[in-house]
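Reproduced below: data35.cif, with mmCIF, C-alpha atoms.
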data_query
#
loop_
_atom_site.label_atom_id
_atom_site.label_comp_id
_atom_site.auth_asym_id
_atom_site.auth_seq_id
_atom_site.Cartn_x
_atom_site.Cartn_y
_atom_site.Cartn_z
CA MET C 1 76.16 75.28 63.82
CA LYS C 2 76.75 74.77 67.55
CA ARG C 3 80.37 75.90 67.12
CA PHE C 4 79.15 79.06 65.32
CA ASN C 5 76.64 79.84 68.14
CA SER C 6 79.33 79.31 70.76
CA LEU C 7 81.59 81.78 68.97
CA LEU C 8 78.76 84.34 68.86
CA ILE C 9 78.11 83.91 72.57
CA ALA C 10 81.80 84.22 73.38
CA ALA C 11 82.11 87.36 71.24
CA ALA C 12 79.04 88.90 72.86
CA SER C 13 80.33 88.09 76.34
CA LEU C 14 83.70 89.62 75.53
CA ALA C 15 82.05 92.78 74.16
CA TRP C 16 79.84 93.06 77.26
CA ALA C 17 82.80 92.55 79.62
CA THR C 18 84.84 95.13 77.68
CA SER C 19 82.01 97.67 77.80
CA MET C 20 81.47 97.07 81.54
CA THR C 21 85.19 97.46 82.23
CA ALA C 22 85.24 100.71 80.27
CA ALA C 23 82.17 101.96 82.13
CA THR C 24 83.74 101.33 85.53
CA ARG C 25 87.31 102.37 84.72
CA PRO C 26 88.20 105.84 86.11
CA HIS C 27 88.46 108.48 83.41
CA TYR C 28 89.18 112.18 83.18
CA GLY C 29 86.73 114.99 82.61
CA GLY C 30 83.52 116.53 83.90
CA THR C 31 82.51 118.94 86.65
CA LEU C 32 81.63 117.75 90.14
CA ARG C 33 78.83 119.90 91.63
CA VAL C 34 78.94 120.09 95.42
CA GLY C 35 76.76 121.63 98.13
CA VAL C 36 77.95 122.41 101.66
CA GLN C 37 76.16 123.86 104.66
CA THR C 38 78.74 126.37 105.93
CA SER C 39 78.98 129.83 104.42
CA ALA C 40 82.34 131.64 104.46
CA GLN C 41 83.81 135.04 103.68
CA THR C 42 87.28 133.75 102.88
CA PHE C 43 88.61 130.57 101.34
CA ASP C 44 91.39 129.97 103.82
CA PRO C 45 92.65 126.66 105.27
CA THR C 46 92.53 128.13 108.78
CA VAL C 47 88.78 128.83 108.61
CA SER C 48 86.79 126.30 110.61
CA GLY C 49 83.55 124.84 109.35
CA THR C 50 81.78 121.65 108.48
CA PRO C 51 83.73 118.69 107.10
CA GLY C 52 82.56 119.71 103.62
CA LEU C 53 84.19 123.14 103.72
CA ARG C 54 87.32 121.71 105.35
CA SER C 55 87.55 119.06 102.62
CA LEU C 56 87.34 121.68 99.85
CA THR C 57 90.17 123.77 101.30
CA GLN C 58 92.34 120.65 101.58
CA LEU C 59 92.06 120.22 97.79
CA VAL C 60 93.92 123.52 97.38
CA PHE C 61 96.22 123.70 100.41
CA GLU C 62 98.45 120.86 101.62
CA THR C 63 100.58 120.10 104.67
CA LEU C 64 103.95 118.50 105.30
CA VAL C 65 102.23 115.48 106.86
CA LYS C 66 98.88 113.85 106.14
CA LEU C 67 96.91 111.40 108.29
CA ASP C 68 95.85 108.12 106.71
CA ASP C 69 92.50 106.34 107.18
CA ARG C 70 93.55 105.19 110.65
CA GLY C 71 94.82 108.56 111.83
CA ARG C 72 98.51 107.70 111.39
CA PRO C 73 100.92 110.40 110.11
CA GLN C 74 102.21 109.82 106.58
CA PRO C 75 104.73 111.82 104.50
CA TRP C 76 103.15 114.38 102.17
CA LEU C 77 104.95 117.61 101.22
CA ALA C 78 107.67 116.29 103.50
CA ALA C 79 109.20 113.09 102.15
CA SER C 80 110.38 111.96 105.59
CA TRP C 81 111.18 113.20 109.09
CA GLN C 82 113.23 112.48 112.17
CA VAL C 83 112.93 113.57 115.78
CA GLU C 84 115.76 114.01 118.24
CA PRO C 85 115.58 112.47 121.73
CA GLY C 86 113.28 114.55 123.94
CA ASN C 87 110.69 115.28 121.20
CA GLN C 88 111.60 118.97 121.00
CA ARG C 89 113.61 119.17 117.76
CA TRP C 90 112.26 117.76 114.50
CA HIS C 91 113.80 117.55 111.02
CA PHE C 92 111.54 117.37 107.95
CA GLN C 93 113.03 116.52 104.55
CA MET C 94 111.15 118.40 101.81
CA ARG C 95 109.79 116.42 98.84
CA ASN C 96 111.46 117.21 95.51
CA GLY C 97 109.52 118.53 92.54
CA VAL C 98 106.65 120.23 94.39
CA VAL C 99 105.54 123.62 93.05
CA PHE C 100 102.79 126.05 93.97
CA SER C 101 99.92 126.32 91.51
CA ASP C 102 101.56 129.46 90.04
CA GLY C 103 104.73 127.52 89.25
CA ILE C 104 106.93 128.74 92.13
CA PRO C 105 108.95 125.85 93.66
CA VAL C 106 108.28 124.84 97.26
CA ASP C 107 111.55 124.69 99.17
CA ALA C 108 112.45 124.47 102.85
CA SER C 109 112.70 128.25 103.31
CA VAL C 110 109.19 128.84 101.93
CA ALA C 111 107.75 126.03 104.07
CA ALA C 112 109.52 127.33 107.17
CA ALA C 113 108.15 130.84 106.64
CA SER C 114 104.61 129.48 106.29
CA LEU C 115 104.91 127.43 109.49
CA ARG C 116 106.44 130.33 111.47
CA ALA C 117 103.45 132.50 110.62
CA ALA C 118 101.02 129.83 111.86
CA ASN C 119 103.02 128.92 114.99
CA PRO C 120 104.75 131.94 116.54
CA ASP C 121 105.71 129.88 119.61
CA TRP C 122 107.85 127.52 117.51
CA LYS C 123 111.36 128.11 116.24
CA VAL C 124 111.19 127.16 112.57
CA PHE C 125 114.04 127.58 110.11
CA ALA C 126 115.43 126.05 106.92
CA LEU C 127 118.70 124.15 106.72
CA GLY C 128 119.32 123.13 103.13
CA GLU C 129 116.33 120.99 102.15
CA LEU C 130 115.38 120.39 105.78
CA VAL C 131 112.75 122.24 107.78
CA MET C 132 113.85 122.35 111.43
CA ILE C 133 111.24 122.83 114.16
CA GLU C 134 112.12 123.42 117.81
CA THR C 135 109.47 123.60 120.53
CA SER C 136 109.80 124.90 124.09
CA ALA C 137 108.35 121.68 125.51
CA PRO C 138 108.24 118.07 124.26
CA VAL C 139 105.63 117.53 121.52
CA PRO C 140 105.66 113.79 120.77
CA ASN C 141 102.76 114.12 118.29
CA LEU C 142 104.16 117.08 116.33
CA ALA C 143 104.09 115.15 113.05
CA ALA C 144 100.34 114.61 113.44
CA GLU C 145 99.89 118.25 114.48
CA LEU C 146 101.47 119.34 111.21
CA SER C 147 98.53 117.73 109.38
CA GLN C 148 96.22 120.44 110.77
CA PRO C 149 94.83 122.86 108.13
CA ARG C 150 96.39 125.87 109.88
CA ASN C 151 99.79 124.32 109.10
CA SER C 152 99.15 124.27 105.36
CA ILE C 153 102.06 125.46 103.24
CA SER C 154 100.94 128.50 101.26
CA ARG C 155 102.16 131.80 99.88
CA ARG C 156 100.50 134.99 98.68
CA ASN C 157 100.44 136.10 95.07
CA GLN C 158 98.96 139.59 94.63
CA GLY C 159 97.04 139.17 97.85
CA ALA C 160 95.60 135.73 97.01
CA LEU C 161 96.62 132.59 98.90
CA ILE C 162 98.31 130.04 96.66
CA GLY C 163 98.56 126.34 97.52
CA THR C 164 100.15 123.18 96.17
CA GLY C 165 97.05 120.97 95.94
CA PRO C 166 95.37 119.11 93.06
CA PHE C 167 92.96 122.04 92.49
CA THR C 168 93.25 125.81 92.24
CA VAL C 169 90.68 128.51 92.98
CA THR C 170 89.48 130.18 89.76
CA GLN C 171 86.39 131.92 91.16
CA TRP C 172 85.25 132.80 94.68
CA ASP C 173 82.04 134.86 94.91
CA THR C 174 81.40 135.69 98.57
CA THR C 175 78.07 137.34 97.76
CA LYS C 176 76.60 134.32 95.97
CA GLN C 177 78.68 131.92 98.09
CA HIS C 178 79.84 130.14 94.95
CA LEU C 179 83.27 128.56 94.51
CA THR C 180 84.94 127.19 91.38
CA LEU C 181 88.00 124.94 91.61
CA GLN C 182 90.01 123.95 88.55
CA ALA C 183 92.16 120.84 88.20
CA ASN C 184 95.87 121.57 88.59
CA ASP C 185 97.52 120.00 85.54
CA GLU C 186 100.98 120.35 87.13
CA TYR C 187 100.07 118.79 90.47
CA TRP C 188 103.01 116.83 91.87
CA GLY C 189 100.79 113.87 92.79
CA GLY C 190 99.18 113.58 89.34
CA ARG C 191 96.26 115.43 87.79
CA PRO C 192 92.86 114.74 89.43
CA PHE C 193 90.20 113.01 87.34
CA THR C 194 87.56 115.75 87.33
CA ASP C 195 88.23 118.94 85.36
CA SER C 196 86.59 121.18 87.93
CA ILE C 197 84.47 121.40 91.08
CA GLU C 198 81.57 123.85 91.44
CA ALA C 199 80.58 124.36 95.08
CA ASP C 200 77.62 126.25 96.52
CA LEU C 201 78.03 127.18 100.18
CA GLY C 202 75.50 128.09 102.84
CA LYS C 203 72.74 125.82 101.52
CA ASN C 204 70.34 124.14 103.94
CA ASP C 205 69.67 120.42 103.73
CA ARG C 206 66.25 120.69 102.13
CA ASP C 207 67.52 122.89 99.29
CA GLN C 208 70.61 120.74 98.78
CA LEU C 209 68.69 117.48 98.53
CA MET C 210 66.14 119.08 96.19
CA LEU C 211 68.91 120.31 93.89
CA MET C 212 70.44 116.83 93.86
CA ASP C 213 67.10 115.20 93.08
CA LEU C 214 66.69 117.66 90.18
CA GLY C 215 70.08 116.68 88.82
CA LYS C 216 71.70 120.05 89.61
CA SER C 217 74.07 118.76 92.31
CA ASP C 218 76.15 115.59 92.46
CA LEU C 219 77.20 115.53 96.12
CA VAL C 220 75.68 117.37 99.09
CA GLU C 221 76.37 117.61 102.80
CA VAL C 222 73.68 116.16 105.08
CA ALA C 223 73.10 117.33 108.66
CA PRO C 224 72.89 114.61 111.36
CA GLU C 225 69.18 115.13 111.99
CA ASP C 226 68.41 114.68 108.27
CA ILE C 227 70.36 111.47 107.62
CA ARG C 228 67.26 109.28 107.87
CA ARG C 229 65.24 111.57 105.61
CA ALA C 230 68.06 111.70 103.08
CA GLN C 231 67.97 107.90 102.74
CA ILE C 232 64.41 108.05 101.41
CA GLY C 233 64.09 107.76 97.65
CA ASN C 234 67.00 105.39 97.04
CA ARG C 235 69.58 108.13 97.51
CA LEU C 236 73.17 106.97 97.95
CA LEU C 237 74.57 107.96 101.32
CA LYS C 238 77.82 107.67 103.28
CA ALA C 239 77.97 108.47 107.01
CA SER C 240 80.98 109.01 109.26
CA GLN C 241 81.72 107.82 112.74
CA PRO C 242 80.31 110.17 115.44
CA ALA C 243 82.63 113.11 114.69
CA GLU C 244 80.81 116.37 115.43
CA LEU C 245 80.62 117.44 119.07
CA LEU C 246 77.57 119.22 120.46
CA ALA C 247 78.61 120.87 123.71
CA LEU C 248 77.92 123.72 126.12
CA PHE C 249 80.80 126.16 126.45
CA PHE C 250 81.03 128.54 129.41
CA THR C 251 82.51 131.81 128.18
CA ARG C 252 84.43 132.41 131.42
CA GLU C 253 86.17 130.29 134.02
CA ALA C 254 84.33 129.17 137.16
CA ARG C 255 85.05 131.60 140.00
CA SER C 256 84.36 129.32 142.95
CA ASP C 257 83.75 125.71 144.01
CA ASP C 258 80.09 126.63 144.33
CA GLU C 259 79.96 127.53 140.64
CA ILE C 260 81.67 124.25 139.76
CA HIS C 261 78.90 122.42 141.65
CA LEU C 262 76.26 124.37 139.70
CA ARG C 263 77.91 123.49 136.39
CA ASN C 264 78.07 119.84 137.43
CA ALA C 265 74.35 119.96 138.22
CA LEU C 266 73.65 121.44 134.78
CA ALA C 267 75.75 118.75 133.09
CA LEU C 268 73.92 115.93 134.84
CA SER C 269 70.50 117.51 134.23
CA ILE C 270 70.73 117.29 130.42
CA ASP C 271 68.94 114.28 128.96
CA SER C 272 71.52 113.53 126.28
CA ALA C 273 69.83 110.31 125.17
CA ALA C 274 66.54 112.12 124.48
CA LEU C 275 68.34 114.90 122.61
CA ASN C 276 70.05 112.34 120.41
CA THR C 277 66.88 110.33 119.78
CA VAL C 278 64.34 113.11 119.33
CA VAL C 279 66.23 116.12 117.98
CA PHE C 280 68.97 114.36 116.01
CA GLN C 281 67.02 111.24 115.00
CA ALA C 282 69.49 108.85 116.69
CA ALA C 283 72.34 110.08 114.47
CA GLY C 284 74.86 110.21 117.29
CA GLU C 285 75.99 108.94 120.66
CA PRO C 286 75.40 110.67 124.04
CA THR C 287 78.72 111.55 125.61
CA GLY C 288 80.40 113.12 128.58
CA ALA C 289 83.81 113.12 126.84
CA LEU C 290 85.68 115.57 124.65
CA LEU C 291 86.94 112.78 122.37
CA PRO C 292 84.55 110.29 120.73
CA ASN C 293 84.74 106.74 122.04
CA TRP C 294 85.83 105.27 118.69
CA LEU C 295 88.93 107.48 118.77
CA SER C 296 89.97 107.26 122.43
CA GLY C 297 88.60 103.83 123.36
CA TYR C 298 87.53 105.04 126.82
CA GLY C 299 84.87 107.69 126.15
CA PHE C 300 82.16 105.50 127.65
CA VAL C 301 83.61 105.92 131.17
CA TYR C 302 82.58 109.59 131.33
CA PRO C 303 78.94 109.84 132.40
CA ALA C 304 76.50 111.61 130.12
CA GLY C 305 73.49 113.38 131.60
CA SER C 306 70.21 111.49 131.95
CA VAL C 307 66.86 111.68 133.67
CA ALA C 308 67.95 109.01 136.16
CA THR C 309 70.94 111.05 137.38
CA ARG C 310 69.34 114.49 137.36
CA PRO C 311 70.28 116.32 140.60
CA ARG C 312 68.96 119.59 142.04
CA ALA C 313 71.14 122.69 141.95
CA PRO C 314 72.39 123.70 145.43
CA HIS C 315 70.68 127.10 144.98
CA PRO C 316 68.88 129.07 142.22
CA VAL C 317 71.00 130.51 139.42
CA VAL C 318 70.20 132.34 136.16
CA TRP C 319 72.46 131.95 133.12
CA THR C 320 72.08 133.20 129.54
CA LEU C 321 72.47 130.71 126.68
CA SER C 322 73.14 131.43 123.00
CA CYS C 323 73.15 129.14 119.96
CA ASP C 324 73.46 129.34 116.19
CA SER C 325 70.21 130.98 115.08
CA ALA C 326 70.74 129.65 111.53
CA ASP C 327 70.70 126.04 112.79
CA PRO C 328 67.09 124.94 113.53
CA ALA C 329 68.20 121.72 115.26
CA ALA C 330 70.53 123.66 117.56
CA ARG C 331 67.66 125.94 118.60
CA ILE C 332 65.42 122.95 119.37
CA ALA C 333 68.25 121.37 121.36
CA ALA C 334 68.69 124.62 123.30
CA ASP C 335 64.97 124.65 124.18
CA ARG C 336 65.16 121.09 125.51
CA ILE C 337 68.30 121.87 127.50
CA LEU C 338 66.44 124.84 129.01
CA LEU C 339 63.61 122.55 130.16
CA ASN C 340 66.04 119.96 131.57
CA ALA C 341 67.88 122.67 133.49
CA LYS C 342 64.63 124.08 134.87
CA ASP C 343 63.73 120.69 136.33
CA ALA C 344 67.09 120.79 138.15
CA GLY C 345 66.45 124.27 139.55
CA ILE C 346 68.64 126.13 137.02
CA THR C 347 67.19 128.94 134.92
CA LEU C 348 68.55 129.39 131.40
CA GLN C 349 67.53 132.35 129.25
CA ILE C 350 68.09 131.91 125.52
CA VAL C 351 69.56 135.07 124.00
CA ASN C 352 71.02 136.08 120.65
CA SER C 353 74.30 137.52 121.88
CA ASP C 354 77.98 136.74 121.85
CA ASN C 355 78.12 137.87 125.47
CA ALA C 356 75.99 135.01 126.79
CA ASP C 357 77.20 133.05 129.81
CA ILE C 358 76.99 129.79 127.85
CA ARG C 359 77.15 128.94 124.16
CA LEU C 360 75.73 125.82 122.55
CA ILE C 361 78.37 124.85 120.00
CA LYS C 362 78.71 122.24 117.25
CA MET C 363 82.34 121.50 116.45
CA ALA C 364 83.76 119.07 113.93
CA LEU C 365 86.40 116.70 115.29
CA PRO C 366 89.62 118.55 114.40
CA SER C 367 91.84 115.49 113.83
CA ALA C 368 91.79 111.71 113.59
CA ASP C 369 94.88 111.64 115.83
CA SER C 370 93.69 111.51 119.44
CA GLU C 371 96.38 113.73 121.02
CA THR C 372 96.14 116.33 118.26
CA ALA C 373 92.34 116.30 118.47
CA LEU C 374 92.43 116.88 122.24
CA ASP C 375 94.99 119.66 121.86
CA GLU C 376 92.90 121.39 119.17
CA LEU C 377 89.68 121.04 121.18
CA ALA C 378 91.42 122.59 124.20
CA ARG C 379 92.56 125.47 122.00
CA ALA C 380 89.05 126.00 120.61
CA PHE C 381 87.42 125.93 124.07
CA GLN C 382 90.07 128.22 125.61
CA LEU C 383 91.32 125.49 127.94
CA PRO C 384 94.90 125.00 129.11
CA ALA C 385 97.05 123.06 126.66
CA PRO C 386 96.91 119.36 127.63
CA THR C 387 100.10 117.69 128.75
CA PHE C 388 100.93 114.11 127.80
CA ALA C 389 103.38 112.11 129.88
CA ASP C 390 103.81 109.69 126.98
CA SER C 391 101.84 108.27 124.06
CA SER C 392 99.85 105.78 126.16
CA VAL C 393 96.07 105.64 126.53
CA SER C 394 96.38 106.30 130.26
CA SER C 395 98.29 109.52 129.55
CA LEU C 396 95.60 110.63 127.08
CA TYR C 397 92.87 109.80 129.60
CA SER C 398 94.59 111.80 132.35
CA ALA C 399 94.98 114.81 130.06
CA GLU C 400 91.32 114.73 129.00
CA THR C 401 90.11 114.30 132.59
CA ALA C 402 92.08 117.39 133.64
CA LEU C 403 90.40 119.43 130.90
CA LEU C 404 86.90 118.25 131.80
CA GLN C 405 87.44 119.08 135.45
CA THR C 406 87.64 122.77 134.57
CA ARG C 407 83.93 122.58 133.68
CA ARG C 408 84.38 125.12 130.90
CA VAL C 409 82.86 122.55 128.54
CA ILE C 410 79.92 120.18 128.96
CA PRO C 411 79.96 117.55 126.14
CA ILE C 412 76.45 116.38 125.22
CA VAL C 413 76.33 114.33 122.00
CA TYR C 414 78.80 113.23 119.34
CA LEU C 415 76.98 113.32 115.98
CA ARG C 416 77.60 111.57 112.69
CA THR C 417 77.96 113.60 109.52
CA ALA C 418 77.00 112.37 106.08
CA VAL C 419 76.96 113.05 102.37
CA ALA C 420 74.35 112.13 99.78
CA PHE C 421 75.50 111.66 96.20
CA ARG C 422 74.34 110.63 92.75
CA SER C 423 75.20 107.29 91.18
CA ASN C 424 77.62 108.91 88.70
CA VAL C 425 79.98 109.90 91.53
CA ARG C 426 82.71 107.26 91.79
CA GLY C 427 85.74 106.93 94.04
CA LEU C 428 84.27 109.00 96.88
CA LYS C 429 85.71 108.21 100.29
CA LEU C 430 84.37 109.43 103.63
CA LEU C 431 86.90 109.19 106.46
CA PRO C 432 85.88 108.33 110.04
CA ASP C 433 86.24 111.98 111.11
CA GLY C 434 83.77 113.08 108.42
CA SER C 435 86.33 114.45 105.94
CA TRP C 436 85.68 113.86 102.25
CA GLN C 437 88.39 112.59 99.92
CA LEU C 438 87.56 114.15 96.56
CA ASP C 439 90.96 114.07 94.84
CA ASN C 440 90.28 110.59 93.38
CA VAL C 441 86.61 111.15 92.54
CA TRP C 442 85.60 110.62 88.93
CA LEU C 443 82.28 110.89 87.08
CA SER C 444 80.71 108.06 85.15
CA ALA C 445 77.62 107.87 83.02
CA GLU C 446 74.57 108.03 85.31
CA THR C 447 72.98 104.64 85.99
CA PRO C 448 69.20 104.38 86.32
#
Could you quickly redo this structure as structure tokens?
Amino acid sequence: MKRFNSLLIAAASLAWATSMTAATRPHYGGTLRVGVQTSAQTFDPTVSGTPGLRSLTQLVFETLVKLDDRGRPQPWLAASWQVEPGNQRWHFQMRNGVVFSDGIPVDASVAAASLRAANPDWKVFALGELVMIETSAPVPNLAAELSQPRNSISRRNQGALIGTGPFTVTQWDTTKQHLTLQANDEYWGGRPFTDSIEADLGKNDRDQLMLMDLGKSDLVEVAPEDIRRAQIGNRLLKASQPAELLALFFTREARSDDEIHLRNALALSIDSAALNTVVFQAAGEPTGALLPNWLSGYGFVYPAGSVATRPRAPHPVVWTLSCDSADPAARIAADRILLNAKDAGITLQIVNSDNADIRLIKMALPSADSETALDELARAFQLPAPTFADSSVSSLYSAETALLQTRRVIPIVYLRTAVAFRSNVRGLKLLPDGSWQLDNVWLSAETP
């Protein structure tokens, strides 16, 4: 009798283990429903936006090189590469067997044409199965730069952009801001697990979280100031490193040393710690740097504004300030900056105009490679291209210091980004820079 009971127990245990393994083993099928904050009028890899929108475009459009979890360049559409001494001529060997989603093969000539269009300052040409890139000055981090979305390899088919990624665009309704992506059965890297992705764009946090709680969304983007609220109710949440920069951008260069002194006074007048704590619910880190500390390793040496260091402006000045009117947290932050500046003898007038003297901007970290990120930030803020003597930290620090000394940009806070998701979403990965990795996501039966 004991032997019979032992056999029953063993059989039951085996059945339970088998069922659990089956429940947790990735499988194909289902539709992932996603909500992102940014609205868009075109689904284009060059369009900037939140990490959510950027992550969706990267499911359709791919680059020669991809950065891994630690920001290191890895072969992607290019199987390998070599650089000649001097870092001005690069050779990229194209991967065999890659086709666009419409079945057209991707060869070196097609890739070269795509890169020439995105980088008119480069000399790009095909030589057999090699893509050759020549630059006018040394670019030691060119491989990492090729991972940027603007360097995606694409072609047009009847006016529509076609990519090589694991998903294809089957519907894009700009009026309803609704996007449908379909799994690419012929994807060179293997078919993704989910059959499709339905994405609603331009949704605020409250609506997104409500839709998820009602079971109508599986994964939604969460703004920094709402991370704490999103954790209520046993929601599953993943947050990035501080990877979204809140900064003041002067729309023109300083015309005198006196104006530089005024901008310095404004920078030191801003109570970054209070902004982070009160407005953004401690979801970030006050900063005086363009790069986050976790990426550069030295960001802490740049002073952020505080009450203790608040100076008086050398003389009265009036500047206009604009911000994103659709972002309530940005408007509150602008009001607090106005009060800080007033205490320092600087008058800011908040206006709704692109012609303002200063803009309050939120910008996602453009790359997990430090040199590429600094170069892209300089491009976005209309600063001179940074120069790097070599790949050392001291060279990076010198280049960033030179950009900050222009006082076109006043960094304030680096904010975390986050996603909330349902328990049936498996395999989701959030990278340090806030990007989502959705190509390996699969859907399981919902657990209570």
Mind checking which residues fall within 9 Å of range 276-284 of chain C, counting only C-alpha atoms, ignoring those fewer than 6 positions away in the same chain, and posting them as a list in words?
->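 In the requested form, the answer reads Ala223, Pro224, Glu225, Asp226, Ile227, Arg228, Gln241, Pro242, Ala243, Glu244, Ala329, Ala330, Ile332, Ala333, Ile412, Val413, Tyr414, Leu415, Arg416 and Thr417 of chain C.
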Restrict the calculation to all atoms listed in the file, then for each residue of range 278-348 of chain C with any atom at most 10 Å from an atom of range 426-446 of chain C give the closest atom pair and their distance in Å to one decimal, rows by chain and rising residue number, as a Markdown table.
| residue | atom | partner | partner_atom | distance |
| --- | --- | --- | --- | --- |
| C:Pro292 | CA | C:Asp433 | CA | 9.9 |
| C:Trp294 | CA | C:Pro432 | CA | 9.2 |
| C:Leu295 | CA | C:Asp433 | CA | 9.3 |
CA of Trp76 in chain C and CA of Asp369 in chain C are how many Å apart?
->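 Separation between CA of Trp76 in chain C and CA of Asp369 in chain C: 16.2 Å.
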Determine the residue membership of the PyMOL selection byres ((chain C and resi 184-197) around 9) for the file above and supply it as a VMD selection string.
-> chain C and resid 26 to 34 97 to 101 103 164 to 168 179 to 183 198 to 199 438 to 443
Nearest to Val220 in chain C, chosen from C:Leu127, C:Leu268, C:Ala389, C:Leu53, with all atoms listed in the file counted in the distances =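 With all atoms listed in the file as the atom set, the closest residue is C:Leu53.
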Nearest to Arg70 in chain C, chosen from C:Ser217, C:Ser370, C:Leu396, C:Glu376, with only C-alpha atoms counted in the distances |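 Closest to Arg70 in chain C of all the choices is C:Ser370.
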Selection near Glu259 in chain C, 10 Å with all atoms listed in the file, sequence-local residues under 4 positions removed, as a PyMOL selection string = chain C and resi 253-255+263-265+314+317+407
Write out the residues from the selection above, keeping C-alpha atoms, as a CSV table (one decimal), in the coordinates of the input.
chain,number,residue,atom,x,y,z
C,253,GLU,CA,86.2,130.3,134.0
C,254,ALA,CA,84.3,129.2,137.2
C,255,ARG,CA,85.0,131.6,140.0
C,263,ARG,CA,77.9,123.5,136.4
C,264,ASN,CA,78.1,119.8,137.4
C,265,ALA,CA,74.4,120.0,138.2
C,314,PRO,CA,72.4,123.7,145.4
C,317,VAL,CA,71.0,130.5,139.4
C,407,ARG,CA,83.9,122.6,133.7
Given the PyMOL selection byres ((chain C and resi 123) around 9), the residues it picks as a PyMOL selection string | chain C and resi 116+119-122+124-125+132-136
CA of Gln349 in chain C to CA of Asp324 in chain C, distance in Å rounded to a single decimal |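 So the answer is 14.7 Å.
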State, in Å with one decimal place, the distance from CA of Arg89 in chain C to CA of Gly163 in chain C.
->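 Interatomic distance here is 26.2 Å.
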Contacts of Ile346 in chain C at 7 Å or less, counting all atoms listed in the file, minus same-chain residues fewer than 4 places along, as a PyMOL selection string?
-> chain C and resi 313+316-318+341-342
Selected residues written out with C-alpha atoms, as a compact mmCIF listing (two decimals), in the frame of the given file:
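What follows is the written file selection11.txt:
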# COMPACT_ATOMS: atom_id res chain seq x y z
CA ALA C 313 71.14 122.69 141.95
CA PRO C 316 68.88 129.07 142.22
CA VAL C 317 71.00 130.51 139.42
CA VAL C 318 70.20 132.34 136.16
CA ALA C 341 67.88 122.67 133.49
CA LYS C 342 64.63 124.08 134.87
With all atoms listed in the file as the basis for distance, which of C:Ser80, C:Lys203, C:Pro149, C:Asn157 is at the shortest distance from Leu59 in chain C?
->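 Of C:Ser80, C:Lys203, C:Pro149, C:Asn157, the one nearest Leu59 in chain C, counting all atoms listed in the file, is C:Pro149.
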Using all atoms listed in the file, pick whichever of C:Ala380, C:Gln88, C:Ala344, C:Ile153 has the shortest atom-to-atom distance to Ser109 in chain C.
->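 Checking each of C:Ala380, C:Gln88, C:Ala344, C:Ile153 against Ser109 in chain C, counting all atoms listed in the file, the winner is C:Ile153.
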Dump as a VMD selection string all residues having an atom at most 12 Å from (87.8, 133.0, 105.1), computed in the file's coordinates with only C-alpha atoms.
-> chain C and resid 38 to 49 53 to 54 57 160 to 161 172 to 174 177
Output for the residues just chosen: C-alpha atoms as a PDB file, in the coordinates of the input:
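Ended up saving to part.pdb:
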ATOM      1  CA  THR C  38      78.740 126.370 105.930  1.00  0.00           C
ATOM      2  CA  SER C  39      78.980 129.830 104.420  1.00  0.00           C
ATOM      3  CA  ALA C  40      82.340 131.640 104.460  1.00  0.00           C
ATOM      4  CA  GLN C  41      83.810 135.040 103.680  1.00  0.00           C
ATOM      5  CA  THR C  42      87.280 133.750 102.880  1.00  0.00           C
ATOM      6  CA  PHE C  43      88.610 130.570 101.340  1.00  0.00           C
ATOM      7  CA  ASP C  44      91.390 129.970 103.820  1.00  0.00           C
ATOM      8  CA  PRO C  45      92.650 126.660 105.270  1.00  0.00           C
ATOM      9  CA  THR C  46      92.530 128.130 108.780  1.00  0.00           C
ATOM     10  CA  VAL C  47      88.780 128.830 108.610  1.00  0.00           C
ATOM     11  CA  SER C  48      86.790 126.300 110.610  1.00  0.00           C
ATOM     12  CA  GLY C  49      83.550 124.840 109.350  1.00  0.00           C
ATOM     13  CA  LEU C  53      84.190 123.140 103.720  1.00  0.00           C
ATOM     14  CA  ARG C  54      87.320 121.710 105.350  1.00  0.00           C
ATOM     15  CA  THR C  57      90.170 123.770 101.300  1.00  0.00           C
ATOM     16  CA  ALA C 160      95.600 135.730  97.010  1.00  0.00           C
ATOM     17  CA  LEU C 161      96.620 132.590  98.900  1.00  0.00           C
ATOM     18  CA  TRP C 172      85.250 132.800  94.680  1.00  0.00           C
ATOM     19  CA  ASP C 173      82.040 134.860  94.910  1.00  0.00           C
ATOM     20  CA  THR C 174      81.400 135.690  98.570  1.00  0.00           C
ATOM     21  CA  GLN C 177      78.680 131.920  98.090  1.00  0.00           C
TER      22      GLN C 177
END
Selection: 9 Å around Ile361 in chain C, only C-alpha atoms, excl. self and same-chain fewer than 5 positions, as an NGL selection string | :C and (245-249 or 322-324 or 330)
Prev. selection, C-alpha atoms, output as a compact mmCIF listing (two decimals), keeping the file's coordinate frame:
# COMPACT_ATOMS: atom_id res chain seq x y z
CA LEU C 245 80.62 117.44 119.07
CA LEU C 246 77.57 119.22 120.46
CA ALA C 247 78.61 120.87 123.71
CA LEU C 248 77.92 123.72 126.12
CA PHE C 249 80.80 126.16 126.45
CA SER C 322 73.14 131.43 123.00
CA CYS C 323 73.15 129.14 119.96
CA ASP C 324 73.46 129.34 116.19
CA ALA C 330 70.53 123.66 117.56
